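One structure is given below, encoded as C-alpha cells.
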Amino acid sequence: MSPLMLTLLMFGGLLIGLFMGHPLAFVLGGVAVVGAYFGPGPEVFGSIIANIFGSTMDNYILVAIPLFILMARFLNDSGVTERMFEAMRLLFGRVRGGLALTVVVVSVLLAATTGIVGASIAVMGMIALAPMLKYGYNKQLSAGVIMASGSLGILIPPSIMLVLMASYSPVSVGELFAGALIPGLILGALYGLYVLVLCWFRPEMGPPVEAEERAETSVGQLVWMLVKYVAPPMALILGVLGALFLGIATATEASAIGALLAFVLFLIFGDRSVRTVFNTFIEASKTTTMVMFVIVGATAFTGVFSRGGGMEFVQNVMMAAPGGEIGILVLMLFLVFILGMFLDWTGIVLLSFPVMLPIVDSMGYDLLWFVVMNAVILQTSFLTPPFGYALFYLKGVAPEGVETLDLYKAVIPFCAIIVFTCVLLAIFPGLIMGLPEMLLR
C-alpha cells in the first residue's frame, strides 16, 4: 500500500472509530493492527512491541504522571477548593463580574495544584455556576469562564500534559514547566480582563455581590479565610515548582513532593477516612491507566504509520505549504487546532510530535518555543465542538436551563482569546523563552 493510501486508511479509520464512540486508546491500537496488515506487514509487530516496552514503558519521566494525578486527587478530595472559592468570592464581591473573576483566579490556583481539567471544571461547575446564575450573571459568560479557566490545568505547571510532551521531545520537563508558566498566567489574566471589561460596559452580565451579604463577613474574618484556605495551596505550588526550578529535585521527585504535600492538606482539611483515601487511590489509578493505554495505542499507531512511509509523506506535504517557514508553522498549529475538535490532547501530542518536531528542528526554530505554542493551542481541544471535553464535563453538572447550545456559544470568545495569545507569543517569543533561559539554561 502506498504512503498516501496508508495515511487515508489510518486517519480515516481513526475518525470513524471515534465517531462510533469507541475509546481513543483502543481505536488507536485497532487501527494500528489493521494498518500493519495492509501497510508494512505483520512483521512490524515485533519492533512495535519492543518500542512500547522499551522507550515508552521504561521512560522514567512518565513516573511523574501517576504521582501528579495522585496529588490532584488528594487536593480535590480535601475539600479545600470549595472553601478557597468562598473566600475569593467575598474578596472580589464588590467588583462587577467579581464571581466570574473569582472563577478565573481559583481555576488558576487549581491548575497549578491539581492539573486535572475534568476535576477542575466539575468542581467549579458545582460550586460556582448555580450561584452565578442566582446572582443574575449571564448564562453564557458564566459557563464560558468556567470551561475556559478550568482547561488551564493542562497548561499551567505542574501539568501531566507537559510531562508527556517532555517524554516525546528533546525538551526537559523543567524547561517546559518554566516555558509554559508565563503563557498560562497570561492566558488566565486575559480571561480575567475580558470579564472585567465586558461587565464594566454591560453591568447586567455580572452584577456585584449585594452589600448586605458582604457586610456579614468582617475584614478580619476575610483575611483569616484567605490565610487558611488560599495560603496552603500556594505553599503546595511553591513546594513543587520551587524544588524543580531550583534544581533540588527532578520532575519525578517533585511530583512525589507534591503528592506528599497534598496528602498533608487532605489530613488537615479532608475527612481523613480510610474509605476516602481508598477511593482517591482508585480514581487516580483509573486516570493513570487511561493515560497509559492511550500512550500504548498511540505508540503502536505512530510506529506502524512511520514504518509504512506515512510519516515521511505527511512531512513532505507540510514542507510544501505556501508561505515558507512561517506558512509551515501556521499550518502545523492550525492542524493541531483542527485535531482538537476530534481528539483529546494525549492523542494529538502522540500523533503530531513525531511528524512535526523533526520539521521544526530542521528549520532551526527552538523546540521549546514550538512545544509551548502547541500546549497553548491545545487549550482549544477542550472547548471546541463536537468533542470538546469541557462541554461535556460542565453539562454533566450544570443546573436546568443551561443547554448544550449555550455552552457552544459560550466558548467562542475564549477560543478567540487563545488564538490571540498564540499570536502574541509568536510575536514576542521571549514570553516563552525568558524564564527558562534565566533559570535553567
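The chains in the C-alpha cells are called A, B, ... from first to last as shown; in each chain the residues are counted from 1, and the ligands are counted from 1 in the order shown.
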
Worksheet item: Quick one: residues within 12 Å of Val317 in chain A, only C-alpha atoms counted, chain neighbours fewer than 6 positions away excluded, as a list in words?
Response: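 What passes the distance filter is Pro3, Leu4, Thr7, Gly310, Met311, Ile328, Leu331, Met332, Val355, Met356 and Ile359 of chain A.
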
Worksheet item: If you count only C-alpha atoms, which residues fall within 7 Å of range 404-420 of chain A, apart from same-chain ones fewer than 2 positions away, as a VMD selection string?
Response: chain A and resid 140 to 141 143 to 144 148 377 380 383 391 395 402 422 to 424

Quick one: write out the picked residues with C-alpha atoms as a PDB file, in the first residue's frame?
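Saved the output as result10.pdb:
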```pdb
ATOM      1  CA  GLN A 140     -23.009  32.120  28.543  1.00  0.00           C
ATOM      2  CA  LEU A 141     -20.439  34.230  30.404  1.00  0.00           C
ATOM      3  CA  ALA A 143     -20.406  28.765  31.549  1.00  0.00           C
ATOM      4  CA  GLY A 144     -17.642  30.066  29.277  1.00  0.00           C
ATOM      5  CA  ALA A 148     -12.005  28.076  29.684  1.00  0.00           C
ATOM      6  CA  ILE A 377      -3.359  25.982  21.260  1.00  0.00           C
ATOM      7  CA  THR A 380      -8.999  24.695  22.482  1.00  0.00           C
ATOM      8  CA  LEU A 383     -13.579  23.781  24.207  1.00  0.00           C
ATOM      9  CA  LEU A 391     -18.517  20.967  27.224  1.00  0.00           C
ATOM     10  CA  LYS A 395     -23.083  19.873  31.018  1.00  0.00           C
ATOM     11  CA  VAL A 402     -28.202  25.543  30.698  1.00  0.00           C
ATOM     12  CA  CYS A 422      -0.718  32.351  20.322  1.00  0.00           C
ATOM     13  CA  VAL A 423      -0.218  35.358  18.030  1.00  0.00           C
ATOM     14  CA  LEU A 424       1.204  37.321  20.971  1.00  0.00           C
TER      15      LEU A 424
END
```

Discussion item. Calculated over only C-alpha atoms, which of the candidates A:Val372, A:Ile186, A:Leu378, A:Leu9 has the smallest distance to Ile348 in chain A?
Written reply: A:Leu378

Fill in: A:Val360, A:Val27, A:Val304, A:Leu75 ranked by distance to Pro42 in chain A, top pick (using only C-alpha atoms)
A:Val304

Please list as an mmCIF file with N, CA and C atoms, in the first residue's frame every residue within 10 Å of Val31 in chain A, counting only C-alpha atoms and excluding residues in the same chain fewer than 2 positions away.
```cif
data_model
loop_
_atom_site.group_PDB
_atom_site.id
_atom_site.type_symbol
_atom_site.label_atom_id
_atom_site.label_comp_id
_atom_site.auth_asym_id
_atom_site.auth_seq_id
_atom_site.Cartn_x
_atom_site.Cartn_y
_atom_site.Cartn_z
ATOM 1 N N LEU A 9 -6.178 5.486 5.023
ATOM 2 C CA LEU A 9 -6.742 4.356 5.751
ATOM 3 C C LEU A 9 -6.677 4.569 7.257
ATOM 4 N N MET A 10 -5.497 4.953 7.770
ATOM 5 C CA MET A 10 -5.304 5.012 9.210
ATOM 6 C C MET A 10 -6.030 6.206 9.831
ATOM 7 N N PHE A 11 -5.935 7.377 9.223
ATOM 8 C CA PHE A 11 -6.608 8.536 9.811
ATOM 9 C C PHE A 11 -8.112 8.479 9.560
ATOM 10 N N GLY A 12 -8.506 7.909 8.421
ATOM 11 C CA GLY A 12 -9.936 7.690 8.202
ATOM 12 C C GLY A 12 -10.514 6.710 9.196
ATOM 13 N N GLY A 13 -9.796 5.620 9.438
ATOM 14 C CA GLY A 13 -10.240 4.654 10.436
ATOM 15 C C GLY A 13 -10.279 5.241 11.831
ATOM 16 N N LEU A 14 -9.324 6.131 12.136
ATOM 17 C CA LEU A 14 -9.294 6.796 13.435
ATOM 18 C C LEU A 14 -10.553 7.631 13.649
ATOM 19 N N GLY A 17 -13.718 5.372 14.002
ATOM 20 C CA GLY A 17 -13.779 4.751 15.323
ATOM 21 C C GLY A 17 -14.208 5.719 16.403
ATOM 22 N N PHE A 26 -8.176 2.322 22.336
ATOM 23 C CA PHE A 26 -8.425 1.089 21.604
ATOM 24 C C PHE A 26 -8.619 1.351 20.107
ATOM 25 N N VAL A 27 -9.112 2.545 19.767
ATOM 26 C CA VAL A 27 -9.196 2.903 18.346
ATOM 27 C C VAL A 27 -7.790 3.007 17.759
ATOM 28 N N LEU A 28 -6.879 3.667 18.490
ATOM 29 C CA LEU A 28 -5.504 3.795 18.009
ATOM 30 C C LEU A 28 -4.856 2.425 17.830
ATOM 31 N N GLY A 29 -5.005 1.557 18.826
ATOM 32 C CA GLY A 29 -4.409 0.229 18.736
ATOM 33 C C GLY A 29 -5.029 -0.614 17.646
ATOM 34 N N VAL A 33 -3.268 -2.152 14.111
ATOM 35 C CA VAL A 33 -3.250 -3.553 13.672
ATOM 36 C C VAL A 33 -3.703 -3.665 12.215
ATOM 37 N N VAL A 34 -4.807 -2.977 11.882
ATOM 38 C CA VAL A 34 -5.307 -3.014 10.501
ATOM 39 C C VAL A 34 -4.291 -2.400 9.549
ATOM 40 N N GLY A 35 -3.713 -1.248 9.955
ATOM 41 C CA GLY A 35 -2.724 -0.581 9.104
ATOM 42 C C GLY A 35 -1.484 -1.418 8.886
ATOM 43 N N ALA A 36 -1.099 -2.199 9.904
ATOM 44 C CA ALA A 36 0.088 -3.036 9.768
ATOM 45 C C ALA A 36 -0.125 -4.130 8.720
ATOM 46 N N GLY A 297 -1.447 2.763 22.731
ATOM 47 C CA GLY A 297 -2.125 2.765 21.443
ATOM 48 C C GLY A 297 -1.494 3.722 20.452
ATOM 49 N N ALA A 298 -1.139 4.917 20.931
ATOM 50 C CA ALA A 298 -0.530 5.907 20.043
ATOM 51 C C ALA A 298 0.868 5.485 19.604
ATOM 52 N N ALA A 300 1.837 2.403 19.099
ATOM 53 C CA ALA A 300 1.614 1.420 18.034
ATOM 54 C C ALA A 300 1.181 2.105 16.738
ATOM 55 N N PHE A 301 0.293 3.077 16.838
ATOM 56 C CA PHE A 301 -0.212 3.786 15.658
ATOM 57 C C PHE A 301 0.917 4.491 14.923
ATOM 58 N N VAL A 304 3.513 1.980 13.274
ATOM 59 C CA VAL A 304 3.051 1.403 12.006
ATOM 60 C C VAL A 304 3.032 2.466 10.920
#
```

Practice prompt. Go through A:Gly396, A:Gly192, A:Gly93, A:Pro386 and flag the residue nearest Val105 in chain A, using only C-alpha atoms for the distances.
Written response: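 Of A:Gly396, A:Gly192, A:Gly93, A:Pro386, the one nearest Val105 in chain A is A:Gly192, counting only C-alpha atoms.
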
Worksheet entry | A:Leu329, A:Ile61, A:Ile121, A:Leu176 ranked by distance to Leu439 in chain A, top pick (using only C-alpha atoms) |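 Closest candidate: A:Leu176.
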
Worksheet item: Can you list, as an MDAnalysis selection string, every residue of range 43-155 of chain A that DSSP puts in alpha helix (DSSP H)?
Response: chainID A and resid 44:51 64:77 80:91 98:111 117:124 130:134 139:150

Just write the chosen residues, C-alpha atoms, as a PDB file, in the first residue's frame.
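Written file, part36.pdb:
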```pdb
ATOM      1  CA  VAL A  44       6.306  -4.897  12.113  1.00  0.00           C
ATOM      2  CA  PHE A  45       4.548  -6.002  15.312  1.00  0.00           C
ATOM      3  CA  GLY A  46       7.791  -7.253  16.878  1.00  0.00           C
ATOM      4  CA  SER A  47       9.530  -3.889  16.683  1.00  0.00           C
ATOM      5  CA  ILE A  48       6.373  -2.059  17.799  1.00  0.00           C
ATOM      6  CA  ILE A  49       6.061  -4.226  20.920  1.00  0.00           C
ATOM      7  CA  ALA A  50       9.761  -3.746  21.672  1.00  0.00           C
ATOM      8  CA  ASN A  51       9.315   0.017  21.286  1.00  0.00           C
ATOM      9  CA  ALA A  64       5.650  11.692  37.316  1.00  0.00           C
ATOM     10  CA  ILE A  65       2.225  11.238  35.690  1.00  0.00           C
ATOM     11  CA  PRO A  66       0.625   8.942  38.329  1.00  0.00           C
ATOM     12  CA  LEU A  67       2.211  10.984  41.126  1.00  0.00           C
ATOM     13  CA  PHE A  68       0.859  14.307  39.815  1.00  0.00           C
ATOM     14  CA  ILE A  69      -2.544  12.665  39.314  1.00  0.00           C
ATOM     15  CA  LEU A  70      -2.462  11.358  42.895  1.00  0.00           C
ATOM     16  CA  MET A  71      -1.532  14.847  44.104  1.00  0.00           C
ATOM     17  CA  ALA A  72      -4.527  16.257  42.239  1.00  0.00           C
ATOM     18  CA  ARG A  73      -6.939  13.702  43.651  1.00  0.00           C
ATOM     19  CA  PHE A  74      -5.810  14.264  47.250  1.00  0.00           C
ATOM     20  CA  LEU A  75      -6.206  18.018  46.885  1.00  0.00           C
ATOM     21  CA  ASN A  76      -9.602  17.661  45.226  1.00  0.00           C
ATOM     22  CA  ASP A  77     -10.847  15.276  47.926  1.00  0.00           C
ATOM     23  CA  VAL A  80     -10.176  22.993  50.334  1.00  0.00           C
ATOM     24  CA  THR A  81     -11.327  24.055  46.865  1.00  0.00           C
ATOM     25  CA  GLU A  82     -14.862  24.979  47.956  1.00  0.00           C
ATOM     26  CA  ARG A  83     -13.573  26.983  50.928  1.00  0.00           C
ATOM     27  CA  MET A  84     -10.996  28.732  48.763  1.00  0.00           C
ATOM     28  CA  PHE A  85     -13.731  29.738  46.294  1.00  0.00           C
ATOM     29  CA  GLU A  86     -15.897  31.199  49.065  1.00  0.00           C
ATOM     30  CA  ALA A  87     -13.002  33.296  50.380  1.00  0.00           C
ATOM     31  CA  MET A  88     -12.149  34.625  46.912  1.00  0.00           C
ATOM     32  CA  ARG A  89     -15.838  35.282  46.169  1.00  0.00           C
ATOM     33  CA  LEU A  90     -16.087  37.588  49.174  1.00  0.00           C
ATOM     34  CA  LEU A  91     -12.767  39.226  48.294  1.00  0.00           C
ATOM     35  CA  GLY A  98     -16.459  39.538  40.686  1.00  0.00           C
ATOM     36  CA  LEU A  99     -17.819  35.988  40.760  1.00  0.00           C
ATOM     37  CA  ALA A 100     -16.533  35.294  37.254  1.00  0.00           C
ATOM     38  CA  LEU A 101     -13.176  36.802  38.200  1.00  0.00           C
ATOM     39  CA  THR A 102     -13.156  34.547  41.267  1.00  0.00           C
ATOM     40  CA  VAL A 103     -13.648  31.544  38.979  1.00  0.00           C
ATOM     41  CA  VAL A 104     -10.598  32.603  36.939  1.00  0.00           C
ATOM     42  CA  VAL A 105      -8.359  33.126  39.980  1.00  0.00           C
ATOM     43  CA  VAL A 106      -9.416  29.909  41.728  1.00  0.00           C
ATOM     44  CA  SER A 107      -9.083  27.952  38.470  1.00  0.00           C
ATOM     45  CA  VAL A 108      -5.531  29.242  38.018  1.00  0.00           C
ATOM     46  CA  LEU A 109      -4.720  28.064  41.537  1.00  0.00           C
ATOM     47  CA  LEU A 110      -6.369  24.716  40.833  1.00  0.00           C
ATOM     48  CA  ALA A 111      -4.434  24.431  37.570  1.00  0.00           C
ATOM     49  CA  VAL A 117      -9.214  19.514  33.787  1.00  0.00           C
ATOM     50  CA  GLY A 118     -12.217  17.293  34.358  1.00  0.00           C
ATOM     51  CA  ALA A 119     -11.970  17.648  38.135  1.00  0.00           C
ATOM     52  CA  SER A 120     -11.453  21.436  37.969  1.00  0.00           C
ATOM     53  CA  ILE A 121     -14.424  22.050  35.658  1.00  0.00           C
ATOM     54  CA  ALA A 122     -16.699  19.684  37.547  1.00  0.00           C
ATOM     55  CA  VAL A 123     -15.814  21.240  40.911  1.00  0.00           C
ATOM     56  CA  MET A 124     -16.151  24.826  39.677  1.00  0.00           C
ATOM     57  CA  ALA A 130     -25.542  27.897  40.255  1.00  0.00           C
ATOM     58  CA  PRO A 131     -24.534  30.905  42.460  1.00  0.00           C
ATOM     59  CA  MET A 132     -23.558  32.922  39.380  1.00  0.00           C
ATOM     60  CA  LEU A 133     -26.933  32.294  37.760  1.00  0.00           C
ATOM     61  CA  LYS A 134     -28.647  33.025  41.094  1.00  0.00           C
ATOM     62  CA  LYS A 139     -25.584  32.271  31.351  1.00  0.00           C
ATOM     63  CA  GLN A 140     -23.009  32.120  28.543  1.00  0.00           C
ATOM     64  CA  LEU A 141     -20.439  34.230  30.404  1.00  0.00           C
ATOM     65  CA  SER A 142     -20.779  32.013  33.477  1.00  0.00           C
ATOM     66  CA  ALA A 143     -20.406  28.765  31.549  1.00  0.00           C
ATOM     67  CA  GLY A 144     -17.642  30.066  29.277  1.00  0.00           C
ATOM     68  CA  VAL A 145     -15.405  31.338  32.057  1.00  0.00           C
ATOM     69  CA  ILE A 146     -15.742  28.055  33.992  1.00  0.00           C
ATOM     70  CA  MET A 147     -14.855  25.896  30.980  1.00  0.00           C
ATOM     71  CA  ALA A 148     -12.005  28.076  29.684  1.00  0.00           C
ATOM     72  CA  SER A 149     -10.421  28.704  33.094  1.00  0.00           C
ATOM     73  CA  GLY A 150     -10.802  25.064  34.091  1.00  0.00           C
TER      74      GLY A 150
END
```

Worksheet item: From the list A:Leu24, A:Leu6, A:Met292, A:Ala320, which residue is nearest Asp344 in chain A when using only C-alpha atoms?
Response: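 The shortest atom-to-atom distance to Asp344 in chain A comes from A:Leu24.
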
Discussion item. With distances taken over only C-alpha atoms, which residue among A:Phe245, A:Met225, A:Thr276, A:Phe19 lies nearest Leu181 in chain A?
Written reply: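 Using only C-alpha atoms, Leu181 in chain A sits closest to A:Phe245.
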
Worksheet entry | Length of the CA of Gly39 in chain A to CA of Met20 in chain A vector [Å] | 23.8 Å

Discussion item. Give me, as a PyMOL selection string, all polymer residues having an atom no more than 6 Å from range 200-215 of chain A, counting only C-alpha atoms and skipping those fewer than 4 positions away in the same chain.
Written reply: chain A and resi 93-97+137-138+196

Restrict the selected residues to C-alpha atoms and save them as a short mmCIF file (atom, residue, chain, number, x, y, z; two decimals), in the first residue's frame.
```cif
data_model
loop_
_atom_site.label_atom_id
_atom_site.label_comp_id
_atom_site.auth_asym_id
_atom_site.auth_seq_id
_atom_site.Cartn_x
_atom_site.Cartn_y
_atom_site.Cartn_z
CA GLY A 93 -17.59 40.73 45.84
CA ARG A 94 -17.57 44.49 45.25
CA VAL A 95 -16.31 44.18 41.67
CA ARG A 96 -18.61 43.93 38.66
CA GLY A 97 -18.12 40.41 37.38
CA TYR A 137 -24.93 36.54 35.80
CA ASN A 138 -25.22 35.98 32.08
CA LEU A 196 -13.85 42.89 33.80
#
```

Would you kindly return, as a compact mmCIF listing (two decimals) with C-alpha atoms, in the first residue's frame, each protein, DNA or RNA residue with an atom no farther than 12 Å from any atom of Glu437 in chain A, considering only C-alpha atoms and excluding same-chain residues fewer than 6 positions away?
```txt
# COMPACT_ATOMS: atom_id res chain seq x y z
CA GLY A 174 11.86 21.65 33.85
CA GLU A 175 12.24 23.74 30.68
CA LEU A 176 8.64 23.06 29.68
CA ALA A 178 9.28 27.22 33.09
CA GLY A 179 8.34 27.98 29.49
CA PHE A 245 13.29 25.22 39.28
CA LEU A 368 10.83 24.63 23.49
CA TRP A 369 9.02 27.57 21.88
CA PRO A 429 8.88 34.60 21.88
CA GLY A 430 10.67 35.91 24.96
CA LEU A 431 7.44 35.38 26.86
```

Worksheet item: So how many Å separate CA of Gln379 in chain A and CA of Val336 in chain A, to one decimal?
Response: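 Computing the Euclidean distance for CA of Gln379 in chain A and CA of Val336 in chain A yields 10.4 Å.
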
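Residues lying within 7 Å of Gly258 in chain A, counting only C-alpha atoms and ignoring same-chain neighbours fewer than 4 positions away, are A:Met71, A:Leu236, A:Val240, A:Ala254, A:Ala262.
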
If you keep N, CA and C atoms, can you produce a file of those selected residues as a PDB file, in the first residue's frame?
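Contents of part.pdb, freshly written:
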```pdb
ATOM      1  N   MET A  71      -1.547  13.546  43.434  1.00  0.00           N
ATOM      2  CA  MET A  71      -1.532  14.847  44.104  1.00  0.00           C
ATOM      3  C   MET A  71      -2.839  15.583  43.855  1.00  0.00           C
ATOM      4  N   LEU A 236       1.755  24.586  48.349  1.00  0.00           N
ATOM      5  CA  LEU A 236       1.927  23.381  47.536  1.00  0.00           C
ATOM      6  C   LEU A 236       2.556  23.731  46.188  1.00  0.00           C
ATOM      7  N   VAL A 240       6.361  22.393  44.929  1.00  0.00           N
ATOM      8  CA  VAL A 240       6.616  21.578  43.745  1.00  0.00           C
ATOM      9  C   VAL A 240       7.490  22.315  42.739  1.00  0.00           C
ATOM     10  N   ALA A 254       9.883  15.879  42.180  1.00  0.00           N
ATOM     11  CA  ALA A 254       8.998  16.993  42.533  1.00  0.00           C
ATOM     12  C   ALA A 254       7.545  16.538  42.596  1.00  0.00           C
ATOM     13  N   ALA A 262       0.108  17.284  49.201  1.00  0.00           N
ATOM     14  CA  ALA A 262      -1.334  17.194  49.003  1.00  0.00           C
ATOM     15  C   ALA A 262      -1.966  16.251  50.021  1.00  0.00           C
TER      16      ALA A 262
END
```

Worksheet item: Could you name the residues that touch Pro358 in chain A at 12 Å or less, counting only C-alpha atoms, but leaving out those on the same chain fewer than 2 positions away, as a list in words?
Response: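 Once the nearby chain positions are removed, what remains is Tyr168, Ser169, Pro170, Met311, Glu312, Val314, Gln315, Asn316, Met318, Met319, Ser352, Phe353, Pro354, Val355, Met356, Val360, Asp361, Ser362, Met363, Gly364, Tyr365, Asp366, Leu367 and Phe370 of chain A.
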
Export, as a PDB file, in the first residue's frame, the selected residues with C-alpha atoms.
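Result file is again_9.pdb:
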```pdb
ATOM      1  CA  TYR A 168       8.239  12.715  23.473  1.00  0.00           C
ATOM      2  CA  SER A 169      10.530  15.661  22.712  1.00  0.00           C
ATOM      3  CA  PRO A 170      14.152  16.659  23.399  1.00  0.00           C
ATOM      4  CA  MET A 311       5.299   9.877   8.395  1.00  0.00           C
ATOM      5  CA  GLU A 312       7.634  10.923   5.575  1.00  0.00           C
ATOM      6  CA  VAL A 314       2.927  13.863   5.749  1.00  0.00           C
ATOM      7  CA  GLN A 315       6.186  15.704   6.428  1.00  0.00           C
ATOM      8  CA  ASN A 316       6.704  16.274   2.686  1.00  0.00           C
ATOM      9  CA  MET A 318       3.752  20.051   5.233  1.00  0.00           C
ATOM     10  CA  MET A 319       7.091  21.182   3.823  1.00  0.00           C
ATOM     11  CA  SER A 352       1.678  15.073  15.905  1.00  0.00           C
ATOM     12  CA  PHE A 353       5.043  15.343  17.668  1.00  0.00           C
ATOM     13  CA  PRO A 354       6.822  12.584  15.687  1.00  0.00           C
ATOM     14  CA  VAL A 355       5.751  14.346  12.474  1.00  0.00           C
ATOM     15  CA  MET A 356       6.186  18.000  13.395  1.00  0.00           C
ATOM     16  CA  VAL A 360      10.653  22.411  13.220  1.00  0.00           C
ATOM     17  CA  ASP A 361      14.146  21.332  14.279  1.00  0.00           C
ATOM     18  CA  SER A 362      15.360  21.239  10.670  1.00  0.00           C
ATOM     19  CA  MET A 363      14.128  24.818  10.163  1.00  0.00           C
ATOM     20  CA  GLY A 364      16.213  25.995  13.122  1.00  0.00           C
ATOM     21  CA  TYR A 365      13.389  27.034  15.448  1.00  0.00           C
ATOM     22  CA  ASP A 366      13.672  26.406  19.180  1.00  0.00           C
ATOM     23  CA  LEU A 367      11.727  23.270  20.049  1.00  0.00           C
ATOM     24  CA  PHE A 370       7.138  25.312  19.454  1.00  0.00           C
TER      25      PHE A 370
END
```
